[in-house]
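What follows is upload-v7.txt (compact mmCIF, C-alpha atoms).
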# COMPACT_ATOMS: atom_id res chain seq x y z
CA THR A 1 31.15 -26.45 -53.18
CA LEU A 2 33.98 -26.48 -50.70
CA ASN A 3 33.05 -29.17 -48.24
CA ILE A 4 35.43 -31.64 -49.80
CA PHE A 5 38.33 -32.30 -47.47
CA PRO A 6 41.47 -33.99 -48.80
CA LYS A 7 42.18 -37.54 -47.77
CA LYS A 8 44.23 -37.83 -44.61
CA THR A 9 47.85 -36.88 -45.20
CA GLY A 10 50.54 -36.69 -42.58
CA GLY A 11 47.98 -37.38 -39.86
CA ILE A 12 46.51 -33.85 -40.09
CA LEU A 13 43.59 -33.98 -42.51
CA TRP A 14 40.78 -36.47 -42.67
CA GLY A 15 38.39 -38.31 -44.94
CA SER A 16 36.07 -36.53 -47.33
CA PHE A 17 32.53 -36.84 -48.51
CA LEU A 18 31.16 -35.26 -51.65
CA ASP A 19 27.50 -35.37 -50.75
CA CYS A 20 26.96 -32.08 -48.94
CA GLY A 21 23.99 -29.82 -49.50
CA ARG A 22 21.71 -32.42 -51.11
CA PRO A 23 18.80 -33.33 -48.85
CA GLU A 24 17.17 -36.67 -49.64
CA VAL A 25 13.88 -35.11 -48.54
CA LYS A 26 13.38 -32.03 -50.71
CA PRO A 27 12.50 -28.84 -48.79
CA ASN A 28 9.43 -26.80 -49.67
CA THR A 29 10.87 -23.75 -51.40
CA GLY A 30 7.69 -22.75 -53.23
CA ALA A 31 5.98 -20.72 -50.51
CA MET A 32 8.08 -17.59 -50.50
CA ARG A 33 6.00 -15.14 -48.49
CA VAL A 34 4.31 -16.96 -45.65
CA VAL A 35 3.76 -14.69 -42.65
CA ASN A 36 6.05 -15.69 -39.79
CA GLY A 37 7.48 -18.65 -41.67
CA GLU A 38 6.00 -22.12 -41.81
CA GLU A 39 6.63 -25.60 -40.56
CA ALA A 40 9.38 -27.30 -42.54
CA ILE A 41 8.87 -30.66 -44.23
CA PRO A 42 10.34 -33.08 -41.66
CA HIS A 43 14.05 -33.80 -42.32
CA SER A 44 14.23 -31.55 -45.38
CA TRP A 45 17.03 -29.52 -43.75
CA PRO A 46 19.13 -32.50 -42.62
CA TRP A 47 22.13 -30.40 -41.47
CA GLN A 48 20.04 -28.56 -38.86
CA VAL A 49 21.38 -29.06 -35.33
CA SER A 50 19.60 -28.55 -32.02
CA MET A 51 22.41 -27.52 -29.67
CA GLN A 52 21.31 -28.53 -26.19
CA ALA A 53 22.92 -27.56 -22.90
CA SER A 54 22.79 -28.96 -19.39
CA PRO A 55 25.13 -27.04 -17.05
CA MET A 56 24.98 -29.77 -14.41
CA SER A 57 23.34 -33.09 -13.71
CA PRO A 58 20.45 -33.78 -13.10
CA ILE A 59 19.27 -30.65 -14.96
CA PRO A 60 17.78 -31.91 -18.24
CA TYR A 61 19.21 -30.78 -21.55
CA MET A 62 17.51 -27.67 -22.93
CA HIS A 63 17.59 -26.40 -26.51
CA GLY A 64 19.81 -23.30 -26.56
CA CYS A 65 20.98 -22.58 -30.10
CA GLY A 66 20.89 -23.86 -33.65
CA GLY A 67 23.86 -25.01 -35.71
CA SER A 68 24.83 -26.50 -39.07
CA LEU A 69 26.51 -29.85 -39.70
CA ILE A 70 29.38 -29.08 -42.13
CA HIS A 71 31.49 -32.24 -41.71
CA GLU A 72 31.12 -35.60 -40.01
CA GLU A 73 32.90 -34.19 -36.93
CA TRP A 74 32.08 -30.47 -37.03
CA ILE A 75 29.18 -28.09 -36.30
CA LEU A 76 29.23 -24.44 -37.40
CA THR A 77 27.41 -22.00 -35.12
CA ALA A 78 27.55 -18.56 -33.44
CA ALA A 79 30.17 -17.60 -30.86
CA HIS A 80 27.58 -15.85 -28.70
CA CYS A 81 25.94 -19.20 -27.91
CA PHE A 82 28.88 -19.91 -25.58
CA ILE A 83 29.12 -16.64 -23.62
CA SER A 84 28.14 -18.32 -20.34
CA LEU A 85 27.99 -22.03 -21.15
CA ASN A 86 31.48 -22.43 -22.58
CA LYS A 87 32.52 -25.93 -21.50
CA PRO A 88 32.24 -28.76 -24.03
CA SER A 89 30.88 -31.06 -21.28
CA TYR A 90 27.77 -28.86 -20.93
CA TRP A 91 26.61 -29.55 -24.47
CA ARG A 92 25.25 -32.19 -26.79
CA MET A 93 24.45 -31.77 -30.50
CA CYS A 94 21.20 -33.37 -31.68
CA LEU A 95 20.64 -34.14 -35.37
CA GLY A 96 17.75 -35.69 -37.29
CA LYS A 97 15.17 -33.76 -35.24
CA HIS A 98 11.88 -32.25 -36.36
CA HIS A 99 9.74 -32.13 -33.22
CA MET A 100 11.46 -30.58 -30.23
CA ASN A 101 9.78 -33.32 -28.17
CA SER A 102 11.78 -36.32 -29.40
CA SER A 103 9.01 -38.81 -28.62
CA MET A 104 6.99 -37.37 -31.53
CA ASP A 105 9.77 -37.95 -34.08
CA VAL A 106 10.45 -40.94 -36.32
CA PRO A 107 12.00 -43.61 -34.08
CA SER A 108 15.80 -43.72 -34.39
CA ALA A 109 15.96 -40.67 -36.73
CA GLU A 110 17.41 -38.48 -33.99
CA GLU A 111 21.02 -38.88 -32.87
CA CYS A 112 22.71 -36.80 -30.19
CA TYR A 113 26.49 -36.45 -29.99
CA MET A 114 28.70 -35.32 -27.14
CA VAL A 115 31.20 -32.49 -27.61
CA ASP A 116 34.94 -32.43 -26.94
CA GLY A 117 35.88 -29.03 -28.34
CA ILE A 118 34.42 -25.51 -28.73
CA ILE A 119 36.39 -22.98 -30.77
CA ARG A 120 35.16 -19.38 -30.65
CA HIS A 121 36.62 -16.77 -32.98
CA GLU A 122 39.46 -15.04 -31.15
CA GLY A 123 38.19 -11.68 -32.42
CA PHE A 124 34.64 -12.21 -31.12
CA VAL A 125 33.20 -9.02 -29.55
CA TYR A 126 29.86 -8.78 -27.79
CA GLU A 127 28.75 -5.47 -26.28
CA GLN A 128 25.08 -5.72 -25.45
CA ASP A 129 24.58 -2.03 -24.62
CA LYS A 130 25.79 -1.04 -28.10
CA THR A 131 24.30 -4.07 -29.89
CA ASP A 132 27.84 -4.66 -31.15
CA ILE A 133 28.50 -8.25 -32.16
CA THR A 134 31.56 -8.91 -34.32
CA ASN A 135 33.15 -12.17 -35.56
CA ASP A 136 30.16 -14.13 -34.26
CA VAL A 137 31.32 -17.55 -35.43
CA ALA A 138 32.28 -20.75 -33.65
CA LEU A 139 33.08 -24.39 -34.37
CA VAL A 140 32.01 -27.36 -32.26
CA HIS A 141 33.93 -30.65 -32.49
CA LEU A 142 32.01 -33.86 -31.87
CA SER A 143 33.46 -36.65 -29.74
CA THR A 144 32.51 -39.23 -32.38
CA PRO A 145 31.87 -38.84 -36.13
CA VAL A 146 28.27 -38.48 -37.26
CA ASN A 147 26.54 -41.45 -38.85
CA MET A 148 25.05 -40.01 -42.06
CA THR A 149 21.48 -41.09 -42.82
CA ARG A 150 18.46 -39.98 -44.84
CA GLU A 151 17.64 -37.56 -42.01
CA ILE A 152 21.21 -36.42 -41.22
CA SER A 153 23.63 -35.01 -43.78
CA PRO A 154 25.92 -31.97 -44.05
CA ILE A 155 25.51 -28.63 -45.81
CA CYS A 156 28.23 -27.21 -48.09
CA LEU A 157 30.32 -24.17 -47.29
CA PRO A 158 30.19 -21.32 -49.81
CA LYS A 159 33.18 -20.31 -51.89
CA PRO A 160 35.55 -17.94 -50.03
CA GLY A 161 34.43 -14.33 -50.36
CA ALA A 162 31.14 -15.21 -52.07
CA VAL A 163 28.46 -12.53 -51.69
CA MET A 164 24.93 -13.44 -52.70
CA PRO A 165 23.17 -10.73 -54.73
CA ALA A 166 20.40 -8.64 -53.16
CA GLY A 167 16.98 -10.23 -53.49
CA THR A 168 18.36 -13.80 -53.43
CA PRO A 169 15.81 -15.88 -51.52
CA CYS A 170 17.52 -17.93 -48.85
CA PHE A 171 16.03 -19.82 -45.93
CA VAL A 172 16.50 -19.52 -42.21
CA THR A 173 15.52 -22.57 -40.17
CA GLY A 174 15.17 -23.34 -36.50
CA TRP A 175 12.94 -23.89 -33.50
CA GLY A 176 13.00 -20.21 -32.56
CA ASP A 177 10.09 -18.18 -31.29
CA GLU A 178 7.37 -17.86 -33.92
CA LYS A 179 5.71 -14.69 -32.63
CA GLY A 180 8.59 -12.31 -31.93
CA ASN A 181 7.89 -12.35 -28.19
CA LEU A 182 10.18 -10.38 -25.91
CA PHE A 183 10.67 -13.58 -23.89
CA PRO A 184 10.87 -16.16 -26.68
CA LYS A 185 9.82 -19.73 -26.29
CA VAL A 186 11.01 -22.66 -28.35
CA SER A 187 8.74 -23.84 -31.15
CA GLU A 188 7.52 -27.44 -31.06
CA LYS A 189 8.40 -28.07 -34.72
CA LEU A 190 11.22 -27.02 -37.01
CA ASN A 191 10.23 -23.87 -38.90
CA GLN A 192 11.57 -22.28 -42.04
CA ALA A 193 11.27 -18.79 -43.48
CA ALA A 194 12.37 -17.44 -46.85
CA LEU A 195 14.25 -14.18 -46.40
CA PRO A 196 15.57 -12.14 -49.33
CA ILE A 197 19.07 -10.67 -48.98
CA VAL A 198 19.21 -6.90 -48.43
CA ASP A 199 22.29 -5.33 -50.01
CA PHE A 200 25.03 -4.01 -47.72
CA GLN A 201 24.70 -0.44 -49.00
CA THR A 202 21.03 -0.30 -48.00
CA CYS A 203 21.41 -2.13 -44.69
CA SER A 204 24.28 0.10 -43.52
CA LYS A 205 22.22 3.30 -43.92
CA PRO A 206 21.53 5.28 -40.69
CA ALA A 207 17.83 4.28 -40.74
CA TYR A 208 18.83 0.60 -40.89
CA TRP A 209 21.76 -0.92 -38.92
CA TRP A 210 24.26 1.84 -39.80
CA ASP A 211 27.74 1.41 -38.24
CA ILE A 212 26.82 -1.79 -36.40
CA LEU A 213 26.90 -3.57 -39.75
CA ARG A 214 30.22 -4.98 -40.97
CA PRO A 215 31.18 -6.33 -44.40
CA SER A 216 31.51 -9.75 -42.70
CA MET A 217 27.74 -9.78 -42.10
CA ILE A 218 24.66 -10.41 -44.24
CA CYS A 219 21.33 -8.60 -43.87
CA ALA A 220 18.22 -10.50 -44.90
CA GLY A 221 14.51 -10.07 -44.44
CA TYR A 222 11.69 -7.76 -45.29
CA GLU A 223 12.05 -4.05 -44.77
CA SER A 224 8.60 -3.27 -43.43
CA PRO A 225 6.81 -4.87 -40.46
CA ASP A 226 3.71 -5.80 -42.50
CA GLU A 227 5.82 -8.58 -44.04
CA LEU A 228 6.42 -10.11 -40.64
CA LYS A 229 9.32 -12.49 -41.12
CA SER A 230 12.68 -12.53 -39.43
CA ALA A 231 15.29 -14.76 -37.91
CA CYS A 232 13.11 -15.29 -34.87
CA GLN A 233 12.25 -18.46 -36.75
CA GLY A 234 15.91 -19.46 -36.75
CA ASP A 235 17.61 -19.75 -33.40
CA SER A 236 20.93 -18.08 -32.81
CA GLY A 237 23.72 -20.00 -34.49
CA GLY A 238 21.39 -21.70 -36.96
CA PRO A 239 21.84 -21.82 -40.74
CA PHE A 240 20.90 -19.27 -43.35
CA ALA A 241 20.93 -21.55 -46.40
CA CYS A 242 20.99 -20.53 -50.07
CA ALA A 243 20.68 -22.82 -53.07
CA ALA A 244 23.59 -22.58 -55.50
CA ALA A 245 22.54 -21.92 -59.11
CA GLY A 246 21.74 -24.88 -61.32
CA ALA A 247 19.06 -27.39 -62.24
CA ASN A 248 19.80 -29.63 -59.24
CA PRO A 249 21.22 -27.10 -56.82
CA THR A 250 23.29 -27.86 -53.76
CA TRP A 251 22.60 -25.92 -50.58
CA GLU A 252 25.29 -23.76 -49.00
CA VAL A 253 25.36 -22.19 -45.53
CA HIS A 254 25.88 -18.52 -46.34
CA GLY A 255 24.93 -17.17 -42.93
CA ILE A 256 24.86 -17.91 -39.21
CA VAL A 257 21.96 -16.36 -37.27
CA SER A 258 23.59 -13.58 -35.23
CA PHE A 259 21.27 -10.75 -34.18
CA GLY A 260 18.16 -8.70 -34.91
CA PRO A 261 15.98 -6.05 -33.27
CA GLN A 262 14.48 -6.63 -29.82
CA GLY A 263 11.19 -8.42 -30.33
CA CYS A 264 12.46 -9.60 -33.73
CA ILE A 265 10.26 -7.52 -36.06
CA LYS A 266 11.01 -3.84 -36.59
CA ASP A 267 10.84 -1.41 -39.49
CA LYS A 268 14.12 -1.26 -41.47
CA LYS A 269 15.81 -3.73 -39.16
CA PRO A 270 16.31 -6.94 -41.16
CA SER A 271 17.89 -9.96 -39.47
CA VAL A 272 21.69 -9.99 -39.41
CA PHE A 273 23.81 -13.07 -40.06
CA THR A 274 27.53 -13.77 -39.87
CA ARG A 275 28.69 -14.11 -43.50
CA VAL A 276 30.28 -17.56 -43.62
CA SER A 277 32.26 -16.84 -46.81
CA ALA A 278 34.26 -14.22 -44.87
CA PHE A 279 35.49 -16.95 -42.51
CA ASN A 280 36.43 -19.89 -44.79
CA ASP A 281 40.12 -19.64 -43.91
CA TRP A 282 39.35 -19.36 -40.21
CA ILE A 283 37.10 -22.44 -40.39
CA TYR A 284 39.61 -24.62 -42.26
CA ASP A 285 42.63 -23.45 -40.25
CA ASN A 286 40.95 -24.13 -36.91
CA MET A 287 39.67 -27.55 -37.97
CA LYS A 288 43.16 -28.60 -39.03
CA LYS A 289 44.77 -27.10 -35.94
CA PHE A 290 42.34 -28.86 -33.59
CA ILE A 291 42.78 -32.23 -35.29
CA TYR A 292 46.56 -31.84 -35.28
CA GLU A 293 46.82 -30.74 -31.64
CA SER A 294 44.37 -33.31 -30.31
CA GLY A 295 45.88 -36.19 -32.27
CA LYS A 296 42.37 -37.13 -33.47
CA THR A 297 43.11 -38.50 -36.94
CA HIS A 298 40.36 -41.03 -37.53

Would you mind giving the structure from this file in structure tokens?
Amino acid sequence: TLNIFPKKTGGILWGSFLDCGRPEVKPNTGAMRVVNGEEAIPHSWPWQVSMQASPMSPIPYMHGCGGSLIHEEWILTAAHCFISLNKPSYWRMCLGKHHMNSSMDVPSAEECYMVDGIIRHEGFVYEQDKTDITNDVALVHLSTPVNMTREISPICLPKPGAVMPAGTPCFVTGWGDEKGNLFPKVSEKLNQAALPIVDFQTCSKPAYWWDILRPSMICAGYESPDELKSACQGDSGGPFACAAAGANPTWEVHGIVSFGPQGCIKDKKPSVFTRVSAFNDWIYDNMKKFIYESGKTH
């Protein structure tokens, strides 16, 4: 796992922690084919972020996208979450959530953090009329480091270039729409859905996503609508998590929820994720650059 940052040297890098990808509350990974996903065991995906925006006071914060905690100061998410709301001051990142209505959660489990930096991939392209989304990856820097708890801990990054084999069951999580409505509404509870990876060769066929698909993307889901599951369950920007092999596996964020068919469920249109392992260098380089340029070396 590659979430281990070197100790601070020369004021550029920062402290490390080895404990990524190991939830204290074990997720339910036994139910592999539940229609439309299922409610997650509370706090079993402790890196899940509810990214909430409020463009101006007194408008209350509203859940807008998902994200993944990858370091005590950094959230990994999708660039398209910031197309209109692109100022750090608009956002807060909430961790330790299960119920979208915070009053129903364990007292003090939830923590929300303000944002002082948003870095979108410089090659990000979004053309809605062509459904063309490329380099859909972004980093969010938190104003203060996260206090790790039983309910809040980071997920590991995959090895650079890693490609999970077709059929690998991975999980998408989020508060996304559960029914595939055209006008989605946020779910009250955190949901999860197991989605098998569809190989690139299949997913880039004309009947599937064809030339919209890039090697820097992952397809996952079921190929026929009678197996109704998709990344509607996982909001944009949220994690697509796979367990690394082994008896006591660590979880890695292999994908970022990027796009899917209108209405979420469609024949031969699996959900599409940004493949994180294609962007390891970009992630590390931009973290270091931000820390260096901002002088934030705690």

A:Lys97 environment, 12 Å, only C-alpha atoms, sequence neighbours closer than 4 positions dropped, as a VMD selection string: chain A and resid 40 to 51 63 66 93 101 to 112 150 to 152 174 to 175 188 to 191

Atoms kept (C-alpha atoms) for selection, written as a compact mmCIF listing (two decimals), keeping the file's coordinate frame:
# COMPACT_ATOMS: atom_id res chain seq x y z
CA ALA A 40 9.38 -27.30 -42.54
CA ILE A 41 8.87 -30.66 -44.23
CA PRO A 42 10.34 -33.08 -41.66
CA HIS A 43 14.05 -33.80 -42.32
CA SER A 44 14.23 -31.55 -45.38
CA TRP A 45 17.03 -29.52 -43.75
CA PRO A 46 19.13 -32.50 -42.62
CA TRP A 47 22.13 -30.40 -41.47
CA GLN A 48 20.04 -28.56 -38.86
CA VAL A 49 21.38 -29.06 -35.33
CA SER A 50 19.60 -28.55 -32.02
CA MET A 51 22.41 -27.52 -29.67
CA HIS A 63 17.59 -26.40 -26.51
CA GLY A 66 20.89 -23.86 -33.65
CA MET A 93 24.45 -31.77 -30.50
CA ASN A 101 9.78 -33.32 -28.17
CA SER A 102 11.78 -36.32 -29.40
CA SER A 103 9.01 -38.81 -28.62
CA MET A 104 6.99 -37.37 -31.53
CA ASP A 105 9.77 -37.95 -34.08
CA VAL A 106 10.45 -40.94 -36.32
CA PRO A 107 12.00 -43.61 -34.08
CA SER A 108 15.80 -43.72 -34.39
CA ALA A 109 15.96 -40.67 -36.73
CA GLU A 110 17.41 -38.48 -33.99
CA GLU A 111 21.02 -38.88 -32.87
CA CYS A 112 22.71 -36.80 -30.19
CA ARG A 150 18.46 -39.98 -44.84
CA GLU A 151 17.64 -37.56 -42.01
CA ILE A 152 21.21 -36.42 -41.22
CA GLY A 174 15.17 -23.34 -36.50
CA TRP A 175 12.94 -23.89 -33.50
CA GLU A 188 7.52 -27.44 -31.06
CA LYS A 189 8.40 -28.07 -34.72
CA LEU A 190 11.22 -27.02 -37.01
CA ASN A 191 10.23 -23.87 -38.90

For A:Asp136, list every protein, DNA or RNA residue within 10 Å, evaluated using all atoms listed in the file, and leave out those in the same chain fewer than 2 positions away; present the list as a PDB file with C-alpha atoms, in the coordinates of the input.
ATOM      1  CA  THR A  77      27.410 -22.000 -35.120  1.00  0.00           C
ATOM      2  CA  ALA A  78      27.550 -18.560 -33.440  1.00  0.00           C
ATOM      3  CA  ALA A  79      30.170 -17.600 -30.860  1.00  0.00           C
ATOM      4  CA  HIS A  80      27.580 -15.850 -28.700  1.00  0.00           C
ATOM      5  CA  CYS A  81      25.940 -19.200 -27.910  1.00  0.00           C
ATOM      6  CA  ARG A 120      35.160 -19.380 -30.650  1.00  0.00           C
ATOM      7  CA  HIS A 121      36.620 -16.770 -32.980  1.00  0.00           C
ATOM      8  CA  GLU A 122      39.460 -15.040 -31.150  1.00  0.00           C
ATOM      9  CA  GLY A 123      38.190 -11.680 -32.420  1.00  0.00           C
ATOM     10  CA  PHE A 124      34.640 -12.210 -31.120  1.00  0.00           C
ATOM     11  CA  VAL A 125      33.200  -9.020 -29.550  1.00  0.00           C
ATOM     12  CA  TYR A 126      29.860  -8.780 -27.790  1.00  0.00           C
ATOM     13  CA  ILE A 133      28.500  -8.250 -32.160  1.00  0.00           C
ATOM     14  CA  THR A 134      31.560  -8.910 -34.320  1.00  0.00           C
ATOM     15  CA  ALA A 138      32.280 -20.750 -33.650  1.00  0.00           C
ATOM     16  CA  SER A 216      31.510  -9.750 -42.700  1.00  0.00           C
ATOM     17  CA  MET A 217      27.740  -9.780 -42.100  1.00  0.00           C
ATOM     18  CA  GLY A 237      23.720 -20.000 -34.490  1.00  0.00           C
ATOM     19  CA  ILE A 256      24.860 -17.910 -39.210  1.00  0.00           C
ATOM     20  CA  VAL A 257      21.960 -16.360 -37.270  1.00  0.00           C
ATOM     21  CA  SER A 258      23.590 -13.580 -35.230  1.00  0.00           C
ATOM     22  CA  PHE A 259      21.270 -10.750 -34.180  1.00  0.00           C
ATOM     23  CA  PHE A 273      23.810 -13.070 -40.060  1.00  0.00           C
ATOM     24  CA  THR A 274      27.530 -13.770 -39.870  1.00  0.00           C
ATOM     25  CA  ARG A 275      28.690 -14.110 -43.500  1.00  0.00           C
ATOM     26  CA  VAL A 276      30.280 -17.560 -43.620  1.00  0.00           C
TER      27      VAL A 276
END

Listed atoms of stretch 63-72 of chain A boxed axis-aligned with 8 Å per side, centre + edges as AutoDock Vina command-line options:
--center_x 24.5 --center_y -29.1 --center_z -34.3 --size_x 29.9 --size_y 29.0 --size_z 31.6

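Coordinates place atom CA of A:His99 at a distance of 20.0 Å from atom CA of A:Asn147.
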
Coordinates-based distance that separates atom CA of A:Ser271 from atom CA of A:Ala207 (Å, one decimal):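 Those two atoms sit 14.3 Å apart.
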
Selected residue of minimal separation from A:Pro249 among A:His98, A:Tyr113, A:Gln52, A:Ile155, counting only C-alpha atoms: A:Ile155

Residue contacts of A:Ser57 (12 Å, all atoms listed in the file) excluding same-chain residues fewer than 2 positions away, as an MDAnalysis selection string: chainID A and resid 53:55 59:61 89:91

One-decimal distance in Å that lies between atom CA of A:Gln192 and atom CA of A:Asp132: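 Computing it gives 26.3 Å between the two atoms.
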
Who sits within 9 Å of A:Leu142, all atoms listed in the file, same chain under 3 positions skipped, as a PyMOL selection string: chain A and resi 72-75+92-93+113-117+145-146

Within 7 Å of A:Thr250 using only C-alpha atoms, minus same-chain residues under 6 positions, as a compact mmCIF listing (two decimals) with C-alpha atoms, keeping the file's coordinate frame:
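Below is the file that was written, selection.txt:
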# COMPACT_ATOMS: atom_id res chain seq x y z
CA GLY A 21 23.99 -29.82 -49.50
CA ARG A 22 21.71 -32.42 -51.11
CA ALA A 243 20.68 -22.82 -53.07
CA ALA A 244 23.59 -22.58 -55.50

Shortest interatomic distance to A:Ser153 - which of A:Asp19, A:Asp199, A:Asp211, A:Glu252, counting only C-alpha atoms: A:Asp19

From A:Leu69, A:Met56, A:Leu213, A:Ala245, residue lying nearest A:Leu157 [all atoms listed in the file]: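 For A:Leu157, the nearest of the candidates is A:Leu69.
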
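All residues that come within 10 Å of the coordinates (33.3, -13.2, -45.3), counting all atoms listed in the file, are given as Asn135, Pro158, Lys159, Pro160, Gly161, Ala162, Val163, Arg214, Pro215, Ser216, Met217, Ile218, His254, Gly255, Thr274, Arg275, Val276, Ser277, Ala278, Phe279, Asn280 and Asp281 of chain A.
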